[in-house]
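Source file: run.tsv; contents: TSV, C-alpha atoms and all ligand atoms.
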```tsv
chain	number	residue	atom	x	y	z
A	1	MET	CA	32.32	-28.85	100.35
A	2	LYS	CA	35.71	-27.86	98.93
A	3	LYS	CA	35.71	-26.29	95.48
A	4	ALA	CA	37.96	-27.81	92.77
A	5	ILE	CA	38.40	-26.35	89.29
A	6	LEU	CA	39.16	-29.02	86.67
A	7	VAL	CA	40.47	-27.85	83.30
A	8	GLY	CA	40.23	-30.67	80.75
A	9	SER	CA	37.29	-32.51	82.33
A	10	THR	CA	36.14	-34.15	79.09
A	11	GLY	CA	39.52	-35.70	78.25
A	12	VAL	CA	40.73	-39.27	78.69
A	13	ILE	CA	42.39	-38.51	82.04
A	14	GLY	CA	40.30	-35.50	83.13
A	15	SER	CA	37.02	-37.46	82.88
A	16	LYS	CA	38.42	-40.00	85.38
A	17	VAL	CA	39.66	-37.21	87.67
A	18	LYS	CA	36.15	-35.74	87.60
A	19	GLU	CA	34.60	-39.11	88.52
A	20	LEU	CA	37.04	-39.55	91.40
A	21	LEU	CA	36.69	-36.06	92.88
A	22	SER	CA	32.96	-35.54	92.46
A	23	ALA	CA	31.94	-37.32	95.69
A	24	GLU	CA	34.10	-35.08	97.88
A	25	TYR	CA	34.49	-31.82	95.95
A	26	GLU	CA	32.30	-29.37	94.14
A	27	VAL	CA	33.97	-29.78	90.72
A	28	ILE	CA	33.81	-26.81	88.35
A	29	THR	CA	34.56	-27.99	84.82
A	30	VAL	CA	36.50	-25.93	82.26
A	31	ASN	CA	37.28	-26.87	78.65
A	32	ARG	CA	37.61	-24.96	75.41
A	33	THR	CA	34.31	-26.21	74.00
A	34	SER	CA	32.15	-27.44	76.89
A	35	GLY	CA	31.75	-27.44	80.67
A	36	ASP	CA	30.75	-24.85	83.29
A	37	TYR	CA	33.24	-22.43	81.71
A	38	GLN	CA	34.50	-22.49	78.13
A	39	VAL	CA	37.98	-21.00	78.21
A	40	ASP	CA	41.18	-21.51	76.24
A	41	MET	CA	43.89	-21.54	78.90
A	42	ALA	CA	46.25	-19.81	76.46
A	43	ASP	CA	43.95	-16.73	76.52
A	44	VAL	CA	45.13	-14.72	79.53
A	45	ASN	CA	42.15	-12.32	79.56
A	46	ALA	CA	39.63	-15.15	79.37
A	47	VAL	CA	41.44	-16.97	82.20
A	48	GLU	CA	41.42	-13.87	84.42
A	49	ASN	CA	37.70	-13.31	83.75
A	50	MET	CA	36.94	-16.93	84.58
A	51	PHE	CA	38.70	-16.75	87.95
A	52	LYS	CA	36.93	-13.46	88.74
A	53	GLU	CA	33.57	-15.16	88.12
A	54	ILE	CA	34.40	-18.34	90.05
A	55	GLY	CA	35.94	-16.54	93.04
A	56	ALA	CA	37.77	-18.40	95.81
A	57	PHE	CA	38.56	-22.09	95.35
A	58	ASP	CA	40.57	-24.87	97.04
A	59	ALA	CA	42.10	-26.89	94.19
A	60	LEU	CA	42.95	-26.35	90.54
A	61	ILE	CA	43.77	-29.33	88.34
A	62	THR	CA	44.75	-28.99	84.69
A	63	THR	CA	44.57	-32.12	82.53
A	64	SER	CA	44.74	-30.17	79.30
A	65	GLY	CA	46.90	-28.61	76.62
A	66	TYR	CA	48.18	-29.29	73.13
A	67	GLY	CA	51.67	-30.15	71.89
A	68	LYS	CA	52.56	-31.41	68.41
A	69	TRP	CA	53.27	-35.08	67.92
A	70	GLY	CA	55.60	-35.56	64.93
A	71	SER	CA	59.16	-36.01	63.71
A	72	ILE	CA	61.70	-33.17	63.73
A	73	ASP	CA	61.20	-32.80	59.96
A	74	GLU	CA	57.47	-32.39	60.51
A	75	HIS	CA	57.99	-29.60	63.06
A	76	SER	CA	57.87	-25.97	62.01
A	77	ILE	CA	59.09	-23.28	64.42
A	78	GLN	CA	55.44	-22.27	64.77
A	79	ASP	CA	54.55	-25.80	65.93
A	80	PHE	CA	56.90	-25.35	68.89
A	81	HIS	CA	55.33	-21.99	69.73
A	82	ASP	CA	51.82	-23.44	69.49
A	83	GLY	CA	52.64	-26.17	72.01
A	84	LEU	CA	54.47	-23.77	74.33
A	85	ASN	CA	51.47	-21.38	74.26
A	86	SER	CA	48.98	-24.16	74.91
A	87	LYS	CA	50.31	-26.94	77.14
A	88	LEU	CA	53.16	-25.04	78.84
A	89	MET	CA	52.03	-21.42	79.15
A	90	GLY	CA	48.35	-22.40	79.29
A	91	GLN	CA	48.92	-24.33	82.50
A	92	VAL	CA	51.34	-21.67	83.81
A	93	ASN	CA	48.63	-19.03	83.15
A	94	MET	CA	46.17	-21.05	85.21
A	95	VAL	CA	48.57	-21.21	88.17
A	96	MET	CA	49.90	-17.64	87.95
A	97	ILE	CA	46.45	-16.05	87.64
A	98	GLY	CA	44.62	-18.63	89.76
A	99	ARG	CA	46.87	-18.16	92.80
A	100	LYS	CA	45.51	-14.61	93.23
A	101	TYR	CA	42.00	-16.03	93.74
A	102	ALA	CA	42.82	-19.26	95.61
A	103	ASN	CA	42.05	-19.90	99.27
A	104	GLU	CA	44.89	-20.17	101.78
A	105	GLY	CA	46.22	-23.75	101.59
A	106	ALA	CA	44.96	-24.31	98.02
A	107	SER	CA	46.48	-27.07	95.86
A	108	PHE	CA	47.49	-26.80	92.22
A	109	VAL	CA	48.24	-29.81	90.00
A	110	VAL	CA	49.39	-29.57	86.37
A	111	SER	CA	49.96	-32.30	83.76
A	112	THR	CA	53.38	-33.05	82.30
A	113	GLY	CA	54.30	-36.46	80.84
A	114	ILE	CA	56.89	-39.21	80.66
A	115	LEU	CA	58.53	-37.71	77.54
A	116	ALA	CA	60.29	-35.20	79.84
A	117	GLN	CA	62.60	-38.00	80.99
A	118	TYR	CA	62.22	-40.66	78.30
A	119	PRO	CA	62.37	-39.24	74.77
A	120	VAL	CA	60.88	-41.13	71.85
A	121	GLU	CA	60.86	-40.27	68.16
A	122	GLY	CA	57.99	-37.88	67.44
A	123	GLY	CA	57.85	-36.60	71.00
A	124	LEU	CA	60.35	-33.72	70.93
A	125	SER	CA	57.82	-30.88	71.33
A	126	LEU	CA	55.96	-32.57	74.16
A	127	GLY	CA	59.18	-33.64	75.89
A	128	MET	CA	60.45	-30.06	75.84
A	129	ILE	CA	57.13	-28.72	77.16
A	130	ASN	CA	56.91	-31.34	79.91
A	131	ALA	CA	60.47	-30.71	81.12
A	132	GLY	CA	59.91	-26.94	81.18
A	133	LEU	CA	56.68	-27.33	83.11
A	134	GLU	CA	58.32	-29.63	85.67
A	135	ALA	CA	61.01	-26.98	86.24
A	136	PHE	CA	58.24	-24.39	86.74
A	137	VAL	CA	56.55	-26.63	89.33
A	138	ARG	CA	59.75	-27.16	91.32
A	139	GLY	CA	60.62	-23.47	91.23
A	140	ALA	CA	57.12	-22.23	92.05
A	141	ALA	CA	56.85	-24.68	94.96
A	142	LEU	CA	59.74	-22.90	96.67
A	143	GLU	CA	57.87	-19.60	96.61
A	144	MET	CA	54.19	-20.56	96.95
A	145	LYS	CA	54.48	-20.85	100.72
A	146	ASN	CA	50.81	-21.03	101.69
A	147	MET	CA	49.78	-23.28	98.78
A	148	THR	CA	51.01	-26.46	97.14
A	149	ILE	CA	51.90	-27.07	93.50
A	150	ASN	CA	52.66	-30.47	91.99
A	151	ALA	CA	52.60	-32.21	88.63
A	152	VAL	CA	51.31	-35.58	87.51
A	153	SER	CA	53.43	-37.08	84.75
A	154	PRO	CA	51.34	-39.69	82.93
A	155	SER	CA	52.88	-42.38	80.79
A	156	PHE	CA	50.63	-43.72	78.00
A	157	ALA	CA	46.99	-44.19	79.06
A	158	LYS	CA	45.44	-47.47	77.96
A	159	GLU	CA	42.37	-45.61	76.67
A	160	THR	CA	44.53	-43.22	74.61
A	161	MET	CA	46.37	-46.14	73.02
A	162	GLU	CA	43.00	-47.69	72.16
A	163	LEU	CA	41.79	-44.41	70.64
A	164	MET	CA	44.98	-44.34	68.54
A	165	GLY	CA	44.42	-47.92	67.37
A	166	MET	CA	47.57	-49.14	69.14
A	167	ASP	CA	48.21	-52.31	71.12
A	168	SER	CA	47.17	-51.11	74.59
A	169	SER	CA	48.56	-54.02	76.61
A	170	THR	CA	51.33	-51.84	78.10
A	171	GLY	CA	48.99	-48.89	78.76
A	172	VAL	CA	48.03	-47.67	82.24
A	173	PRO	CA	44.26	-47.30	82.85
A	174	ALA	CA	43.50	-43.57	83.13
A	175	ILE	CA	41.90	-44.08	86.55
A	176	GLU	CA	45.38	-44.88	87.92
A	177	PHE	CA	46.56	-41.42	86.82
A	178	ALA	CA	43.39	-39.88	88.26
A	179	LYS	CA	44.29	-41.33	91.68
A	180	LEU	CA	47.65	-39.51	91.50
A	181	TYR	CA	45.94	-36.15	90.90
A	182	LYS	CA	43.78	-36.71	93.98
A	183	GLU	CA	46.84	-37.71	96.01
A	184	ALA	CA	48.69	-34.64	94.73
A	185	ILE	CA	45.99	-32.23	95.90
A	186	GLU	CA	45.56	-33.92	99.27
A	187	SER	CA	49.07	-34.95	100.35
A	188	GLY	CA	50.25	-31.54	101.57
A	189	LYS	CA	53.50	-32.03	99.64
A	190	SER	CA	54.71	-29.45	97.13
A	191	GLY	CA	57.14	-29.52	94.19
A	192	GLU	CA	56.56	-33.23	93.54
A	193	ILE	CA	56.27	-34.90	90.15
A	194	TYR	CA	53.92	-37.88	90.50
A	195	HIS	CA	54.52	-40.88	88.22
A	196	ALA	CA	52.37	-44.01	87.92
A	197	SER	CA	54.38	-47.03	89.08
B	1	LIG	N1	46.61	-39.58	77.63
B	1	LIG	C1	47.90	-39.91	77.72
B	1	LIG	O1	48.32	-41.04	77.44
B	1	LIG	C2	48.89	-38.88	78.21
B	1	LIG	C3	50.24	-39.23	78.33
B	1	LIG	C4	51.16	-38.29	78.80
B	1	LIG	C5	50.71	-37.00	79.11
B	1	LIG	N2	49.40	-36.68	78.97
B	1	LIG	C6	48.98	-35.31	79.31
B	1	LIG	O2	47.88	-35.37	80.20
B	1	LIG	C7	46.96	-34.30	79.93
B	1	LIG	C8	45.59	-34.89	79.63
B	1	LIG	O3	45.71	-35.76	78.50
B	1	LIG	P1	44.42	-36.46	77.85
B	1	LIG	O4	44.93	-37.50	76.92
B	1	LIG	O5	43.43	-36.82	78.91
B	1	LIG	O6	43.85	-35.25	76.97
B	1	LIG	P2	42.62	-35.28	75.97
B	1	LIG	O7	41.87	-36.56	76.05
B	1	LIG	O8	43.14	-34.83	74.64
B	1	LIG	O9	41.67	-34.13	76.55
B	1	LIG	C9	42.13	-32.82	76.68
B	1	LIG	C10	41.14	-32.05	77.54
B	1	LIG	O10	41.65	-30.73	77.75
B	1	LIG	C11	40.78	-29.75	77.17
B	1	LIG	N3	41.66	-28.73	76.57
B	1	LIG	C12	42.65	-28.97	75.65
B	1	LIG	N4	43.29	-27.82	75.36
B	1	LIG	C13	42.73	-26.86	76.14
B	1	LIG	C14	42.97	-25.46	76.30
B	1	LIG	N5	43.91	-24.82	75.60
B	1	LIG	N6	42.21	-24.77	77.19
B	1	LIG	C15	41.25	-25.40	77.92
B	1	LIG	N7	40.98	-26.72	77.81
B	1	LIG	C16	41.71	-27.43	76.92
B	1	LIG	C17	39.92	-30.52	76.18
B	1	LIG	O11	38.66	-29.94	76.02
B	1	LIG	P3	38.25	-29.27	74.60
B	1	LIG	O12	38.31	-30.38	73.60
B	1	LIG	O13	36.89	-28.69	74.81
B	1	LIG	O14	39.30	-28.24	74.39
B	1	LIG	C18	39.79	-31.88	76.90
B	1	LIG	O15	38.81	-31.80	77.93
B	1	LIG	C19	47.56	-33.52	78.74
B	1	LIG	O16	48.32	-32.44	79.23
B	1	LIG	C20	48.48	-34.56	78.08
B	1	LIG	O17	49.54	-33.96	77.36
B	1	LIG	C21	48.48	-37.58	78.52
```

Let me see the file written as C-alpha cells.
Amino acid sequence: MKKAILVGSTGVIGSKVKELLSAEYEVITVNRTSGDYQVDMADVNAVENMFKEIGAFDALITTSGYGKWGSIDEHSIQDFHDGLNSKLMGQVNMVMIGRKYANEGASFVVSTGILAQYPVEGGLSLGMINAGLEAFVRGAALEMKNMTINAVSPSFAKETMELMGMDSSTGVPAIEFAKLYKEAIESGKSGEIYHAS
C-alpha cells in the first residue's frame, strides 16, 4: 500500500481527504496537537525529525496553516509574518524537507485558496500567502523532475461557513475539495492549481 502523509487531518478539509484516501493509502496523520505525529510545520527541526522517523513515502498533502483574517487596520506587521511563517513557509518547509525523503515519483499537494485571485475585504494576508505559494508550486514543478507538485485552491467550504455561523448556501461541501487533492496526487500532472468548479 502506498504511504501518504496528511498534514491537517483533523481540519474541515483534511478530515475529508483522510476519509477519501484511507481505502487506498496508508495515511500518516500530522497536526500540531494530535495525530500520528504532532508537529508544527513552521518548526524546521521538528519537520526534519518527523521525516527521518517516517522514512520513504509516496504522497504528502498539506491541508493546514494559519493566516490572519481581518481588515488592513487590524493587521500588524507581525500578523503578516505569522501567516507567512505558518501557511506559506510551513507548507514550503514540508515540500523542501520532504522531497529528500520521498520515493521516486512522489506527489506533493499544498493548500492555497481563492483569495489569491479574488480579493475580499479582510483577506489581504491570506490572499498574499496563497499567491506566493502558487508561485512556489509553479516554480518548483519545473525543477522537481522525478516528482509532482500541485496546489488545491479551495473556495469557501460549506462546513466552514456553518462553523462561522454564515449562510452556507453558496459553500462547496469539503468532500468536493478532497476529491481534488486525490486527483492532484494521482493525475501525474505537475505545477497545476486545482479549483473546484
Ligand atoms: N475551509 C475553507 O473554506 C478554506 C477556504 C480556502 C482555503 N482554505 C485552506 O485550506 C486549508 C485547510 O483549511 P481547513 O478549513 O480545513 O482548516 P482547519 O479546519 O482550520 O484545520 C486546520 C488543520 O491543520 C492543522 N494545522 C494548522 N496549523 C498547523 C501547523 N502549523 N502545523 C501542523 N498542522 C497544522 C490543524 O491541526 P491542529 O489544530 O492540531 O494544529 C488542523 O488539522 C488551509 O490551508 C486553509 O487556509 C480553506

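Taking all atoms listed in the file into account, ligand LIG 1 (chain B) lies nearest to A:Leu126 out of the set A:Leu126, A:Ile5, A:Ala106, A:Leu84.
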
*asked:* Distance cut-off 6 Å, centre (57.8, -38.3, 69.0) in file coordinates, counting all atoms listed in the file: which residues qualify? Return them as a ChimeraX atom specification.
replied: /A:69-71,120-124

Provide an axis-aligned box for all listed atoms of ligand LIG 1 (chain B), padding each side by 8 Å; report its centre and its edge lengths in Å to one decimal, as AutoDock Vina command-line options.
```
--center_x 44.0 --center_y -32.9 --center_z 76.9 --size_x 30.3 --size_y 32.3 --size_z 22.6
```

*Report the distance between atom C3 of ligand LIG 1 (chain B) and atom CA of Glu48 of chain A in Å, rounded to one decimal place.*
27.5 Å

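Neighbours of ligand LIG 1 (chain B) at a cut-off of 6 Å, computed so that all atoms listed in the file are counted, are the residues Val7, Gly8, Ser9, Thr10, Gly11, Val12, Ile13, Gly14, Asn31, Arg32, Thr33, Ser34, Val39, Asp40, Met41, Ala42, Thr63, Ser64, Gly65, Tyr66, Ser86, Ser111, Thr112, Gly113, Pro154, Ser155, Phe156, Ala157 and Thr160 of chain A.
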
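The residue that comes closest to Gly67 of chain A, out of A:Gly127, A:Gly98, A:Gly188, A:Pro173 and on the basis of all atoms listed in the file, is A:Gly127.
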
*Identify, on the basis of only C-alpha atoms, every residue whose closest approach to Met50 of chain A does not exceed 12 Å; exclude the query and any residue fewer than 2 positions from it along the same chain; express the result as a PyMOL selection string.*
chain A and resi 5+7+28-31+36-41+43-48+52-56+93-94+97-98+101

I need segment 161-191 of chain A from the structure I supplied, saved as an mmCIF file, in the first residue's frame with N, CA and C atoms retained.
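Dumped everything to part-v2.cif:
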```cif
data_model
loop_
_atom_site.group_PDB
_atom_site.id
_atom_site.type_symbol
_atom_site.label_atom_id
_atom_site.label_comp_id
_atom_site.auth_asym_id
_atom_site.auth_seq_id
_atom_site.Cartn_x
_atom_site.Cartn_y
_atom_site.Cartn_z
ATOM 1 N N MET A 161 -18.341 27.653 6.521
ATOM 2 C CA MET A 161 -19.344 28.729 6.625
ATOM 3 C C MET A 161 -20.310 28.436 7.768
ATOM 4 N N GLU A 162 -20.671 27.149 7.900
ATOM 5 C CA GLU A 162 -21.586 26.776 9.000
ATOM 6 C C GLU A 162 -20.914 27.011 10.348
ATOM 7 N N LEU A 163 -19.638 26.622 10.449
ATOM 8 C CA LEU A 163 -18.898 26.831 11.707
ATOM 9 C C LEU A 163 -18.820 28.320 12.055
ATOM 10 N N MET A 164 -18.774 29.169 11.004
ATOM 11 C CA MET A 164 -18.668 30.623 11.227
ATOM 12 C C MET A 164 -20.035 31.276 11.391
ATOM 13 N N GLY A 165 -21.097 30.459 11.361
ATOM 14 C CA GLY A 165 -22.446 30.993 11.533
ATOM 15 C C GLY A 165 -22.935 31.791 10.337
ATOM 16 N N MET A 166 -22.358 31.486 9.140
ATOM 17 C CA MET A 166 -22.750 32.214 7.926
ATOM 18 C C MET A 166 -23.805 31.429 7.147
ATOM 19 N N ASP A 167 -24.464 32.099 6.229
ATOM 20 C CA ASP A 167 -25.348 31.417 5.281
ATOM 21 C C ASP A 167 -24.447 30.560 4.392
ATOM 22 N N SER A 168 -24.643 29.236 4.408
ATOM 23 C CA SER A 168 -23.718 28.338 3.715
ATOM 24 C C SER A 168 -24.240 27.890 2.346
ATOM 25 N N SER A 169 -25.296 28.560 1.860
ATOM 26 C CA SER A 169 -25.924 28.077 0.616
ATOM 27 C C SER A 169 -24.978 28.159 -0.588
ATOM 28 N N THR A 170 -23.995 29.059 -0.545
ATOM 29 C CA THR A 170 -23.058 29.160 -1.674
ATOM 30 C C THR A 170 -21.787 28.338 -1.426
ATOM 31 N N GLY A 171 -21.709 27.682 -0.275
ATOM 32 C CA GLY A 171 -20.493 26.937 0.079
ATOM 33 C C GLY A 171 -20.358 25.633 -0.700
ATOM 34 N N VAL A 172 -19.122 25.185 -0.847
ATOM 35 C CA VAL A 172 -18.830 23.917 -1.541
ATOM 36 C C VAL A 172 -18.577 22.852 -0.461
ATOM 37 N N PRO A 173 -19.285 21.708 -0.503
ATOM 38 C CA PRO A 173 -19.015 20.672 0.504
ATOM 39 C C PRO A 173 -17.535 20.260 0.473
ATOM 40 N N ALA A 174 -16.931 20.137 1.643
ATOM 41 C CA ALA A 174 -15.483 19.885 1.725
ATOM 42 C C ALA A 174 -15.065 18.619 0.974
ATOM 43 N N ILE A 175 -15.969 17.666 0.845
ATOM 44 C CA ILE A 175 -15.628 16.431 0.119
ATOM 45 C C ILE A 175 -15.275 16.731 -1.344
ATOM 46 N N GLU A 176 -15.867 17.790 -1.897
ATOM 47 C CA GLU A 176 -15.543 18.153 -3.290
ATOM 48 C C GLU A 176 -14.096 18.630 -3.394
ATOM 49 N N PHE A 177 -13.615 19.338 -2.379
ATOM 50 C CA PHE A 177 -12.197 19.736 -2.372
ATOM 51 C C PHE A 177 -11.320 18.493 -2.172
ATOM 52 N N ALA A 178 -11.774 17.607 -1.286
ATOM 53 C CA ALA A 178 -10.981 16.392 -1.014
ATOM 54 C C ALA A 178 -10.742 15.603 -2.309
ATOM 55 N N LYS A 179 -11.752 15.548 -3.170
ATOM 56 C CA LYS A 179 -11.598 14.821 -4.445
ATOM 57 C C LYS A 179 -10.486 15.446 -5.293
ATOM 58 N N LEU A 180 -10.345 16.781 -5.209
ATOM 59 C CA LEU A 180 -9.296 17.458 -5.990
ATOM 60 C C LEU A 180 -7.900 17.094 -5.478
ATOM 61 N N TYR A 181 -7.759 16.937 -4.159
ATOM 62 C CA TYR A 181 -6.445 16.536 -3.617
ATOM 63 C C TYR A 181 -6.082 15.138 -4.129
ATOM 64 N N LYS A 182 -7.063 14.251 -4.150
ATOM 65 C CA LYS A 182 -6.796 12.886 -4.638
ATOM 66 C C LYS A 182 -6.414 12.937 -6.122
ATOM 67 N N GLU A 183 -7.175 13.720 -6.880
ATOM 68 C CA GLU A 183 -6.862 13.860 -8.311
ATOM 69 C C GLU A 183 -5.450 14.431 -8.482
ATOM 70 N N ALA A 184 -5.113 15.408 -7.649
ATOM 71 C CA ALA A 184 -3.805 16.067 -7.780
ATOM 72 C C ALA A 184 -2.651 15.100 -7.502
ATOM 73 N N ILE A 185 -2.840 14.171 -6.565
ATOM 74 C CA ILE A 185 -1.724 13.243 -6.302
ATOM 75 C C ILE A 185 -1.678 12.110 -7.323
ATOM 76 N N GLU A 186 -2.770 11.885 -8.027
ATOM 77 C CA GLU A 186 -2.813 10.713 -8.916
ATOM 78 C C GLU A 186 -2.738 11.049 -10.403
ATOM 79 N N SER A 187 -2.858 12.324 -10.774
ATOM 80 C CA SER A 187 -3.001 12.655 -12.198
ATOM 81 C C SER A 187 -1.699 12.574 -12.985
ATOM 82 N N GLY A 188 -0.565 12.672 -12.272
ATOM 83 C CA GLY A 188 0.727 12.703 -12.972
ATOM 84 C C GLY A 188 1.093 14.094 -13.470
ATOM 85 N N LYS A 189 0.155 15.052 -13.342
ATOM 86 C CA LYS A 189 0.456 16.428 -13.755
ATOM 87 C C LYS A 189 1.272 17.123 -12.662
ATOM 88 N N SER A 190 1.942 18.204 -13.034
ATOM 89 C CA SER A 190 2.699 18.974 -12.044
ATOM 90 C C SER A 190 2.575 20.458 -12.355
ATOM 91 N N GLY A 191 2.590 21.289 -11.291
ATOM 92 C CA GLY A 191 2.506 22.737 -11.469
ATOM 93 C C GLY A 191 1.088 23.239 -11.669
#
```
